[in-house]
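**Student:** Provided below: model30.cif, containing mmCIF, C-alpha atoms.
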data_target
loop_
_atom_site.label_atom_id
_atom_site.label_comp_id
_atom_site.auth_asym_id
_atom_site.auth_seq_id
_atom_site.Cartn_x
_atom_site.Cartn_y
_atom_site.Cartn_z
CA MET A 1 4.24 3.52 4.49
CA ARG A 2 3.27 6.81 2.86
CA LYS A 3 1.95 9.63 5.02
CA SER A 4 -1.10 11.56 3.97
CA LEU A 5 -0.83 15.04 2.55
CA THR A 6 -2.48 16.37 5.71
CA LEU A 7 0.22 14.89 7.91
CA LEU A 8 2.92 16.16 5.57
CA LEU A 9 1.61 19.71 5.85
CA LEU A 10 1.64 19.47 9.63
CA LEU A 11 5.30 18.55 9.79
CA PRO A 12 7.36 21.56 10.90
CA TRP A 13 10.13 20.60 8.50
CA ALA A 14 7.71 21.05 5.58
CA VAL A 15 7.20 24.75 6.32
CA CYS A 16 10.27 25.97 4.45
CA ALA A 17 9.19 24.12 1.31
CA LEU A 18 5.68 25.54 1.41
CA GLN A 19 6.47 29.17 2.14
CA HIS A 20 6.38 29.93 -1.59
CA SER A 21 2.90 28.46 -1.92
CA ASP A 22 2.06 29.92 -5.34
CA ALA A 23 5.35 28.90 -6.91
CA MET A 24 5.23 25.50 -5.22
CA ALA A 25 1.75 24.86 -6.53
CA GLN A 26 3.15 25.28 -10.02
CA ALA A 27 6.28 23.31 -9.21
CA VAL A 28 5.28 20.05 -7.56
CA ASP A 29 2.51 18.17 -5.87
CA PRO A 30 3.35 18.54 -2.14
CA ALA A 31 2.23 14.93 -1.62
CA MET A 32 5.30 13.91 -3.62
CA LEU A 33 7.69 15.55 -1.15
CA CYS A 34 9.52 13.82 1.72
CA GLN A 35 10.33 16.83 3.88
CA GLY A 36 12.27 16.55 7.10
CA ARG A 37 11.67 13.46 9.23
CA TYR A 38 9.09 11.94 6.96
CA TYR A 39 9.61 8.58 8.70
CA THR A 40 10.23 7.56 12.28
CA GLU A 41 13.46 5.66 12.80
CA THR A 42 11.53 2.37 12.80
CA GLU A 43 9.68 3.30 9.62
CA GLY A 44 12.92 4.33 7.93
CA LYS A 45 14.46 0.93 8.63
CA ALA A 46 11.28 -0.82 7.48
CA ALA A 47 11.33 1.19 4.26
CA LEU A 48 14.86 0.00 3.54
CA ASP A 49 13.77 -3.59 4.14
CA SER A 50 10.95 -3.03 1.67
CA PHE A 51 13.25 -1.42 -0.93
CA ALA A 52 15.63 -4.39 -0.65
CA THR A 53 12.90 -6.77 -1.88
CA THR A 54 12.83 -4.98 -5.25
CA TYR A 55 16.20 -6.37 -6.38
CA HIS A 56 18.29 -9.47 -5.79
CA ASP A 57 21.37 -9.15 -7.99
CA ARG A 58 23.45 -6.54 -9.76
CA ARG A 59 21.20 -6.47 -12.83
CA SER A 60 17.99 -5.93 -10.87
CA TRP A 61 19.68 -3.34 -8.63
CA GLU A 62 20.90 -1.41 -11.67
CA SER A 63 17.37 -1.42 -13.07
CA ARG A 64 16.14 0.17 -9.81
CA ALA A 65 19.16 2.49 -9.72
CA ASN A 66 18.35 3.79 -13.20
CA ARG A 67 14.76 4.46 -12.12
CA ILE A 68 15.98 6.40 -9.08
CA ARG A 69 18.40 8.45 -11.19
CA GLN A 70 15.61 9.23 -13.61
CA ARG A 71 13.39 10.27 -10.67
CA ILE A 72 16.09 12.69 -9.49
CA ARG A 73 16.57 14.17 -12.96
CA GLU A 74 12.85 14.53 -13.56
CA GLY A 75 11.87 15.51 -10.02
CA ALA A 76 14.57 18.20 -9.81
CA ARG A 77 13.87 19.20 -13.43
CA LEU A 78 17.52 18.83 -14.35
CA ASN A 79 16.49 17.61 -17.78
CA GLN A 80 14.86 21.00 -18.45
CA LEU A 81 18.11 22.96 -18.17
CA PRO A 82 20.72 23.49 -20.87
CA GLN A 83 23.74 21.38 -20.00
CA ARG A 84 26.80 23.04 -21.48
CA THR A 85 26.32 26.80 -21.66
CA PRO A 86 29.54 28.88 -21.57
CA LEU A 87 31.09 29.06 -18.10
CA ARG A 88 32.77 32.47 -18.61
CA PRO A 89 34.93 32.06 -15.47
CA ILE A 90 36.09 34.97 -13.33
CA ALA A 91 39.12 34.60 -11.05
CA HIS A 92 40.97 37.25 -9.07
CA SER A 93 42.87 38.16 -5.88
CA LYS A 94 45.14 35.12 -5.66
CA ARG A 95 46.90 34.74 -2.29
CA THR A 96 49.80 32.41 -1.49
CA TYR A 97 50.12 30.69 1.89
CA ASP A 98 52.05 27.77 3.37
CA GLY A 99 51.64 25.01 0.78
CA TYR A 100 48.53 26.33 -0.95
CA THR A 101 46.97 29.30 -2.71
CA VAL A 102 43.46 30.77 -2.63
CA GLU A 103 41.66 32.81 -5.26
CA ASN A 104 38.13 34.12 -5.63
CA VAL A 105 36.20 32.49 -8.45
CA ALA A 106 32.84 32.70 -10.20
CA PHE A 107 31.39 31.16 -13.33
CA GLU A 108 27.99 31.01 -14.99
CA SER A 109 26.09 27.75 -14.50
CA LEU A 110 23.39 29.30 -16.69
CA PRO A 111 23.62 32.54 -18.66
CA GLY A 112 23.44 35.29 -16.05
CA PHE A 113 23.38 32.90 -13.06
CA PHE A 114 26.67 32.65 -11.16
CA VAL A 115 28.29 29.99 -9.01
CA THR A 116 30.58 31.75 -6.52
CA GLY A 117 33.38 30.43 -4.36
CA ASN A 118 37.07 30.01 -3.67
CA LEU A 119 39.60 27.87 -5.48
CA TYR A 120 42.37 26.36 -3.37
CA ARG A 121 45.44 25.01 -5.17
CA PRO A 122 48.62 23.25 -4.04
CA THR A 123 51.85 25.20 -4.41
CA LYS A 124 53.77 21.96 -5.07
CA LYS A 125 54.11 21.46 -8.81
CA GLU A 126 52.77 18.23 -10.28
CA SER A 127 51.97 17.11 -13.81
CA SER A 128 48.28 16.83 -12.85
CA TYR A 129 46.08 17.15 -9.78
CA PRO A 130 42.90 15.56 -8.47
CA ALA A 131 40.06 18.00 -7.80
CA ILE A 132 37.54 18.08 -4.97
CA LEU A 133 34.22 19.91 -4.74
CA SER A 134 33.47 21.26 -1.25
CA PRO A 135 29.79 22.23 -0.79
CA HIS A 136 28.86 23.49 2.68
CA GLY A 137 25.93 23.08 5.03
CA HIS A 138 23.37 25.58 6.26
CA GLY A 139 24.25 28.62 8.33
CA LYS A 140 25.16 32.26 7.93
CA ASP A 141 27.38 32.38 4.83
CA PRO A 142 29.23 29.17 5.79
CA ARG A 143 31.72 29.28 2.90
CA PHE A 144 33.56 31.89 4.97
CA GLY A 145 33.62 29.66 8.06
CA LYS A 146 36.73 28.30 9.72
CA ASP A 147 35.87 24.63 9.16
CA VAL A 148 35.39 25.09 5.41
CA GLN A 149 38.67 26.97 5.08
CA GLN A 150 40.54 24.38 7.13
CA ARG A 151 39.40 21.38 5.12
CA CYS A 152 39.92 23.09 1.76
CA ALA A 153 43.41 24.35 2.64
CA ALA A 154 44.42 20.97 4.09
CA LEU A 155 43.22 19.08 1.01
CA ALA A 156 45.04 21.56 -1.22
CA ARG A 157 48.25 21.12 0.72
CA MET A 158 47.77 17.36 0.31
CA GLY A 159 47.79 17.88 -3.46
CA ALA A 160 44.21 18.54 -4.61
CA ILE A 161 42.63 21.50 -6.35
CA VAL A 162 39.60 22.26 -4.16
CA PHE A 163 36.56 24.37 -4.99
CA ALA A 164 34.45 25.66 -2.09
CA TYR A 165 31.21 27.13 -3.42
CA ASP A 166 28.15 28.87 -2.06
CA MET A 167 24.72 27.43 -1.53
CA VAL A 168 22.10 29.38 -3.45
CA GLY A 169 21.22 32.50 -1.46
CA THR A 170 24.38 32.54 0.69
CA GLY A 171 27.79 34.19 0.50
CA ASP A 172 28.17 35.84 -2.90
CA ALA A 173 25.31 33.80 -4.42
CA LYS A 174 22.60 36.35 -3.58
CA GLN A 175 20.81 36.39 -6.94
CA THR A 176 17.91 34.55 -5.35
CA SER A 177 16.87 33.51 -1.85
CA HIS A 178 17.87 30.18 -0.37
CA LYS A 179 14.19 29.32 0.09
CA HIS A 180 13.48 29.57 -3.62
CA PRO A 181 11.17 26.63 -4.44
CA PHE A 182 13.60 25.47 -7.15
CA ALA A 183 16.70 25.67 -4.96
CA LEU A 184 17.28 21.92 -5.35
CA GLN A 185 17.29 22.26 -9.13
CA LEU A 186 19.62 25.26 -9.02
CA GLN A 187 22.07 23.76 -6.54
CA THR A 188 22.31 20.38 -8.24
CA HIS A 189 22.85 22.04 -11.61
CA ASN A 190 25.46 24.31 -10.02
CA SER A 191 27.32 21.25 -8.72
CA ILE A 192 27.28 19.58 -12.13
CA ARG A 193 28.62 22.76 -13.71
CA ALA A 194 31.25 22.96 -10.95
CA VAL A 195 32.54 19.61 -12.22
CA ASP A 196 32.56 21.11 -15.72
CA TYR A 197 34.56 24.05 -14.40
CA LEU A 198 37.14 21.90 -12.63
CA ILE A 199 37.76 19.63 -15.60
CA SER A 200 38.12 22.72 -17.80
CA LEU A 201 41.33 23.45 -15.89
CA PRO A 202 44.08 21.78 -17.94
CA GLU A 203 46.00 20.62 -14.88
CA VAL A 204 43.05 18.68 -13.40
CA ASP A 205 42.97 14.90 -13.79
CA ARG A 206 39.34 14.32 -14.79
CA LYS A 207 39.52 10.72 -13.58
CA ARG A 208 40.21 11.88 -10.01
CA ILE A 209 37.25 14.09 -9.06
CA GLY A 210 35.89 13.97 -5.51
CA VAL A 211 33.17 15.66 -3.51
CA THR A 212 32.66 16.14 0.22
CA GLY A 213 30.31 18.30 2.26
CA GLU A 214 28.37 18.25 5.51
CA SER A 215 24.66 18.43 6.31
CA GLY A 216 23.00 20.21 3.36
CA GLY A 217 26.39 20.02 1.68
CA GLY A 218 26.31 16.28 2.35
CA THR A 219 23.02 16.13 0.46
CA GLN A 220 24.64 17.98 -2.43
CA ALA A 221 27.55 15.53 -2.31
CA PHE A 222 25.53 12.32 -2.57
CA VAL A 223 22.99 13.72 -5.04
CA LEU A 224 25.83 14.86 -7.29
CA ALA A 225 27.58 11.49 -7.06
CA ALA A 226 24.25 9.84 -7.92
CA VAL A 227 23.63 11.78 -11.13
CA ASP A 228 27.18 12.54 -12.31
CA LYS A 229 29.44 9.54 -12.84
CA ARG A 230 32.45 11.83 -13.24
CA ILE A 231 32.56 11.88 -9.44
CA ALA A 232 35.15 9.21 -8.61
CA VAL A 233 35.08 9.48 -4.79
CA SER A 234 32.45 10.88 -2.42
CA VAL A 235 32.39 11.68 1.30
CA PRO A 236 28.91 12.76 2.45
CA VAL A 237 29.11 13.94 6.06
CA VAL A 238 26.33 13.72 8.71
CA MET A 239 23.48 13.44 6.23
CA VAL A 240 22.79 9.92 4.91
CA SER A 241 19.77 8.77 6.94
CA SER A 242 16.95 6.28 6.47
CA PHE A 243 14.36 8.53 8.15
CA HIS A 244 15.51 12.12 7.50
CA PHE A 245 15.27 13.63 4.04
CA GLY A 246 16.69 17.10 4.68
CA GLY A 247 14.47 19.79 6.10
CA CYS A 248 14.98 22.47 3.44
CA VAL A 249 13.74 23.10 -0.08
CA CYS A 250 17.33 22.83 -1.29
CA GLU A 251 17.33 19.15 -0.25
CA SER A 252 13.78 17.84 -0.56
CA GLY A 253 11.68 20.69 -1.92
CA MET A 254 11.22 18.93 -5.26
CA PRO A 255 10.02 15.33 -5.72
CA ILE A 256 13.28 13.39 -6.07
CA HIS A 257 12.28 10.72 -3.52
CA LYS A 258 8.70 10.00 -4.57
CA SER A 259 6.58 9.62 -7.66
CA THR A 260 3.35 7.78 -8.37
CA ASP A 261 5.26 4.55 -9.02
CA LEU A 262 8.50 4.87 -7.01
CA GLN A 263 9.56 5.65 -3.48
CA THR A 264 13.15 5.83 -2.28
CA SER A 265 15.24 7.57 0.37
CA ASN A 266 18.58 9.30 0.76
CA VAL A 267 20.14 5.93 1.61
CA GLU A 268 19.43 4.57 -1.85
CA ILE A 269 20.40 7.85 -3.49
CA ALA A 270 23.75 7.61 -1.71
CA ALA A 271 24.02 3.97 -2.82
CA LEU A 272 23.94 5.13 -6.45
CA ALA A 273 27.62 5.96 -6.00
CA ALA A 274 28.38 2.22 -6.07
CA PRO A 275 30.87 0.85 -6.94
CA ARG A 276 32.90 4.06 -6.63
CA PRO A 277 34.67 4.69 -3.29
CA MET A 278 32.48 6.36 -0.67
CA LEU A 279 32.96 7.22 3.00
CA LEU A 280 29.90 7.78 5.17
CA VAL A 281 30.73 10.08 8.08
CA SER A 282 28.21 9.88 10.92
CA ASP A 283 27.77 10.78 14.57
CA GLY A 284 25.73 9.87 17.63
CA ASN A 285 23.67 13.02 18.04
CA ASP A 286 21.72 13.56 14.84
CA TRP A 287 19.80 11.54 12.25
CA THR A 288 22.97 9.57 11.33
CA ARG A 289 23.20 7.96 14.77
CA ASN A 290 22.10 4.57 13.40
CA THR A 291 24.46 4.53 10.41
CA PRO A 292 26.68 1.62 11.56
CA GLU A 293 23.63 -0.64 12.08
CA VAL A 294 21.17 0.60 9.43
CA GLU A 295 22.37 2.81 6.56
CA TYR A 296 25.91 1.47 6.20
CA PRO A 297 24.90 -2.23 6.01
CA TYR A 298 22.19 -1.42 3.44
CA ILE A 299 24.60 0.43 1.16
CA LYS A 300 27.29 -2.19 1.73
CA ASN A 301 24.92 -4.84 0.38
CA VAL A 302 24.68 -2.78 -2.81
CA TYR A 303 28.47 -2.59 -3.05
CA ARG A 304 28.59 -6.37 -2.48
CA LEU A 305 26.66 -6.84 -5.72
CA TYR A 306 29.74 -5.41 -7.47
CA ASN A 307 32.21 -7.30 -5.22
CA LYS A 308 33.43 -3.84 -4.13
CA GLU A 309 32.32 -3.69 -0.49
CA ASN A 310 35.92 -2.79 0.41
CA LEU A 311 35.37 0.59 -1.31
CA LEU A 312 32.66 1.62 1.16
CA GLU A 313 33.60 2.76 4.67
CA ASN A 314 31.85 4.32 7.68
CA HIS A 315 33.64 6.76 9.99
CA HIS A 316 31.31 6.91 12.99
CA LEU A 317 31.83 9.26 15.96
CA PRO A 318 29.19 8.28 18.54
CA LYS A 319 30.04 11.05 21.02
CA GLU A 320 30.02 13.88 18.48
CA GLY A 321 27.31 16.00 16.87
CA HIS A 322 26.17 17.55 13.63
CA ASP A 323 29.17 19.30 12.08
CA TYR A 324 32.29 18.78 9.97
CA GLY A 325 34.61 19.02 12.96
CA VAL A 326 38.26 18.09 13.14
CA ASN A 327 37.73 14.37 13.84
CA LYS A 328 35.36 14.10 10.91
CA ARG A 329 37.85 15.94 8.72
CA LYS A 330 40.62 13.56 9.75
CA GLY A 331 38.55 10.60 8.61
CA ALA A 332 37.88 12.31 5.30
CA TYR A 333 41.57 13.18 4.81
CA PHE A 334 42.63 9.54 5.16
CA PHE A 335 39.92 8.28 2.80
CA LEU A 336 40.45 10.94 0.13
CA ALA A 337 44.22 10.49 0.32
CA LYS A 338 43.85 6.76 -0.27
CA HIS A 339 41.47 7.01 -3.21
CA LEU A 340 42.65 10.21 -4.92
CA ASP A 341 46.39 9.61 -4.43
CA LEU A 342 46.95 12.58 -2.13
CA SER A 343 49.97 13.11 0.15
CA LEU A 344 48.75 12.82 3.72
CA GLU A 345 52.26 13.44 5.04
CA HIS A 346 51.97 17.09 4.00
CA ILE A 347 49.56 17.73 6.90
CA ILE A 348 51.27 15.56 9.54
CA ASP A 349 53.29 17.35 12.21
CA ASP A 350 56.51 16.35 13.97
CA GLU A 351 54.54 14.26 16.48
CA GLY A 352 52.98 12.23 13.69
CA GLU A 353 49.54 13.81 14.10
CA ILE A 354 47.37 15.49 11.51
CA SER A 355 47.67 19.25 11.96
CA GLU A 356 45.83 22.17 10.39
CA SER A 357 47.94 24.78 12.18
CA PHE A 358 49.35 26.01 8.87
CA VAL A 359 45.93 27.20 7.65
CA GLN A 360 45.51 30.96 7.32
CA ILE A 361 41.91 31.80 8.24
CA GLU A 362 40.76 34.64 6.01
CA ALA A 363 38.09 37.25 6.71
CA PRO A 364 34.85 37.14 4.68
CA GLU A 365 35.71 40.35 2.85
CA VAL A 366 38.92 38.75 1.57
CA LEU A 367 37.07 35.64 0.33
CA ARG A 368 34.26 37.49 -1.44
CA VAL A 369 34.12 37.24 -5.21
CA PHE A 370 31.98 40.32 -5.77
CA ASN A 371 32.86 43.66 -4.15
CA ASP A 372 33.45 47.29 -5.11
CA GLN A 373 36.60 46.42 -7.06
CA HIS A 374 35.01 43.34 -8.67
CA PRO A 375 31.26 44.04 -9.06
CA ARG A 376 28.75 41.42 -10.06
CA PRO A 377 28.40 41.51 -13.88
CA PRO A 378 25.47 43.69 -14.98
CA HIS A 379 23.78 40.88 -16.91
CA ALA A 380 23.28 38.83 -13.70
CA VAL A 381 19.67 37.69 -13.22
CA MET A 382 18.60 39.23 -9.90
CA GLY A 383 15.71 38.36 -7.58
CA ASP A 384 13.42 35.38 -6.98
CA GLU A 385 10.93 36.39 -9.63
CA ALA A 386 13.57 36.96 -12.30
CA VAL A 387 15.24 33.62 -11.52
CA SER A 388 11.84 31.86 -11.60
CA ASN A 389 11.13 33.44 -14.99
CA MET A 390 14.55 32.31 -16.25
CA LEU A 391 13.86 28.74 -15.19
CA ALA A 392 10.36 28.86 -16.65
CA SER A 393 11.80 29.92 -20.02
CA TYR A 394 14.02 26.83 -20.05
CA SER A 395 11.07 24.67 -19.05
CA LYS A 396 9.07 25.90 -22.05
CA LYS A 397 11.97 25.30 -24.41
CA SER A 398 12.40 21.72 -23.18
CA LYS A 399 8.79 20.77 -24.04
#
Would you mind writing the file's structure down as structure tokens?
**Tutor:**
Amino acid sequence: MRKSLTLLLLLPWAVCALQHSDAMAQAVDPAMLCQGRYYTETEGKAALDSFATTYHDRRSWESRANRIRQRIREGARLNQLPQRTPLRPIAHSKRTYDGYTVENVAFESLPGFFVTGNLYRPTKKESSYPAILSPHGHGKDPRFGKDVQQRCAALARMGAIVFAYDMVGTGDAKQTSHKHPFALQLQTHNSIRAVDYLISLPEVDRKRIGVTGESGGGTQAFVLAAVDKRIAVSVPVVMVSSFHFGGCVCESGMPIHKSTDLQTSNVEIAALAAPRPMLLVSDGNDWTRNTPEVEYPYIKNVYRLYNKENLLENHHLPKEGHDYGVNKRKGAYFFLAKHLDLSLEHIIDDEGEISESFVQIEAPEVLRVFNDQHPRPPHAVMGDEAVSNMLASYSKKSK
């Protein structure tokens, strides 16, 4: 089932991972990558059939699941990074809107390396709140986009504290480029530290932590749920596929799917969320078009081993495309409300329909964390080379 290294290098989706050839040569063996559409649709389904023969009950699945988790931690070099360095959070410019507030937030996932984003909070006072991480997909600074603001504001009005944060190399997170060969390591570590940040807020209920994102943000969502059991509910959107592995270094630029003795796919990585509630959101015009017949049944069989198949759902929109559009958001709102105890009625209008009309769309300059009034701290590690050297220093210490 494996492709040769020659074929891998010919795949157009592999180009972004191999642009940093010198750094990549030191980072991973390219033959261990599964860039882009590594399989055809038929091969992807056949691979799942093959994976399914490696376990037959909960115990044997959990043995495989532990191997896959270990592959992610080792392949993304998460085990080489310090886990609990001081966050040193920065928050400023709080604005109050109809049922929610927004403030600009940063914290250090590593000393001198900042996670940047916006924190949305409900205005309704409660004794505690669930919290939701909202990673975004690829594009031009998508944290500032309308769709991200709409879903974060709506979830906040429903009663959650929501953190929308930048991909490496986008928005305010310009300390290194998005095509850095260790982007997957950086982004996954950032997500883990984002959980640390949210549970550091005294009003957050650490038993009710969710994550949802689309495309590359969907990859971040299911990888985080796989390696961090503090995630109670996950909603990966338009990304879980048997034959597509993510066409960017931030998704498959390090060997989390393959090693000399293990091969897996994003379907099994997503299945590591079992038996916690998960909603797969899919559509008919990208690599999730087969989800109702292929990916969803495979993951449901894993949930069945726990007698928890009722906690897995698929919201499929066959006539839609690759985005986190309003119909996808509606599916996510219902699921997150059910499993995080949110108040869906706070976003339902007089006609009984879900409405986002209350959301105030802010300009990018309002959402930015770092600007003339709030400059990036001077100790920030800046540039690809400096970030690579920082990561290399942690690698040496871990040996």
**Student:** With the PyMOL selection byres ((chain A and resi 301-306) around 7) as the selection, what would be picked from this file? Answer as a PyMOL selection string, please.
**Tutor:** chain A and resi 57-58+271+274-275+297-300+307-309
**Student:** Set out as a Markdown table a contact list for range 115-226 of chain A and range 284-290 of chain A with a cut-off of 12 Å, giving each residue of range 115-226 of chain A that qualifies its closest atom pair and distance in Å to one decimal, counting all atoms listed in the file, ordered by chain and rising residue number.
**Tutor:**
| residue | atom | partner | partner_atom | distance |
| --- | --- | --- | --- | --- |
| A:Glu214 | CA | A:Thr288 | CA | 11.8 |
| A:Ser215 | CA | A:Asp286 | CA | 10.3 |
| A:Gly218 | CA | A:Thr288 | CA | 11.7 |
**Student:** Counting only C-alpha atoms, figure out which residue out of A:Thr176, A:Gln83, A:Thr170, A:Ser241 gets nearest to Glu43 in chain A.
**Tutor:** A:Ser241
**Student:** Please determine, counting only C-alpha atoms, which residue among A:Thr54, A:Ser234, A:Ser343, A:Thr96 has the shortest atom-to-atom distance to Thr219 in chain A.
**Tutor:**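 The closest residue to Thr219 in chain A is A:Ser234.
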**Student:** A:Leu184, A:Leu391, A:Ala131, A:Ala226: which is nearest Leu155 in chain A, counting only C-alpha atoms?
**Tutor:**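 That would be A:Ala131, the residue with the smallest distance to Leu155 in chain A.
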**Student:** With the file shown as input, list the residues that the PyMOL selection byres ((chain A and resi 138-144) around 12) selects, as an NGL selection string.
**Tutor:** :A and (104 or 116-119 or 134-137 or 145-152 or 163-174 or 178-179 or 213-220 or 246-251 or 322-324 or 361-369)
**Student:** For the selection you just gave me, I'd like the residues written to a file as a compact mmCIF listing (two decimals), in the frame of the given file, keeping C-alpha atoms.
**Tutor:**
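And here's selection_27.txt as it stands now:
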# COMPACT_ATOMS: atom_id res chain seq x y z
CA ASN A 104 38.13 34.12 -5.63
CA THR A 116 30.58 31.75 -6.52
CA GLY A 117 33.38 30.43 -4.36
CA ASN A 118 37.07 30.01 -3.67
CA LEU A 119 39.60 27.87 -5.48
CA SER A 134 33.47 21.26 -1.25
CA PRO A 135 29.79 22.23 -0.79
CA HIS A 136 28.86 23.49 2.68
CA GLY A 137 25.93 23.08 5.03
CA GLY A 145 33.62 29.66 8.06
CA LYS A 146 36.73 28.30 9.72
CA ASP A 147 35.87 24.63 9.16
CA VAL A 148 35.39 25.09 5.41
CA GLN A 149 38.67 26.97 5.08
CA GLN A 150 40.54 24.38 7.13
CA ARG A 151 39.40 21.38 5.12
CA CYS A 152 39.92 23.09 1.76
CA PHE A 163 36.56 24.37 -4.99
CA ALA A 164 34.45 25.66 -2.09
CA TYR A 165 31.21 27.13 -3.42
CA ASP A 166 28.15 28.87 -2.06
CA MET A 167 24.72 27.43 -1.53
CA VAL A 168 22.10 29.38 -3.45
CA GLY A 169 21.22 32.50 -1.46
CA THR A 170 24.38 32.54 0.69
CA GLY A 171 27.79 34.19 0.50
CA ASP A 172 28.17 35.84 -2.90
CA ALA A 173 25.31 33.80 -4.42
CA LYS A 174 22.60 36.35 -3.58
CA HIS A 178 17.87 30.18 -0.37
CA LYS A 179 14.19 29.32 0.09
CA GLY A 213 30.31 18.30 2.26
CA GLU A 214 28.37 18.25 5.51
CA SER A 215 24.66 18.43 6.31
CA GLY A 216 23.00 20.21 3.36
CA GLY A 217 26.39 20.02 1.68
CA GLY A 218 26.31 16.28 2.35
CA THR A 219 23.02 16.13 0.46
CA GLN A 220 24.64 17.98 -2.43
CA GLY A 246 16.69 17.10 4.68
CA GLY A 247 14.47 19.79 6.10
CA CYS A 248 14.98 22.47 3.44
CA VAL A 249 13.74 23.10 -0.08
CA CYS A 250 17.33 22.83 -1.29
CA GLU A 251 17.33 19.15 -0.25
CA HIS A 322 26.17 17.55 13.63
CA ASP A 323 29.17 19.30 12.08
CA TYR A 324 32.29 18.78 9.97
CA ILE A 361 41.91 31.80 8.24
CA GLU A 362 40.76 34.64 6.01
CA ALA A 363 38.09 37.25 6.71
CA PRO A 364 34.85 37.14 4.68
CA GLU A 365 35.71 40.35 2.85
CA VAL A 366 38.92 38.75 1.57
CA LEU A 367 37.07 35.64 0.33
CA ARG A 368 34.26 37.49 -1.44
CA VAL A 369 34.12 37.24 -5.21
**Student:** Please indicate the distance in Å from CA of Ala273 in chain A to CA of Glu41 in chain A, rounded to one decimal place.
**Tutor:**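 According to the coordinates, CA of Ala273 in chain A and CA of Glu41 in chain A are separated by 23.5 Å.
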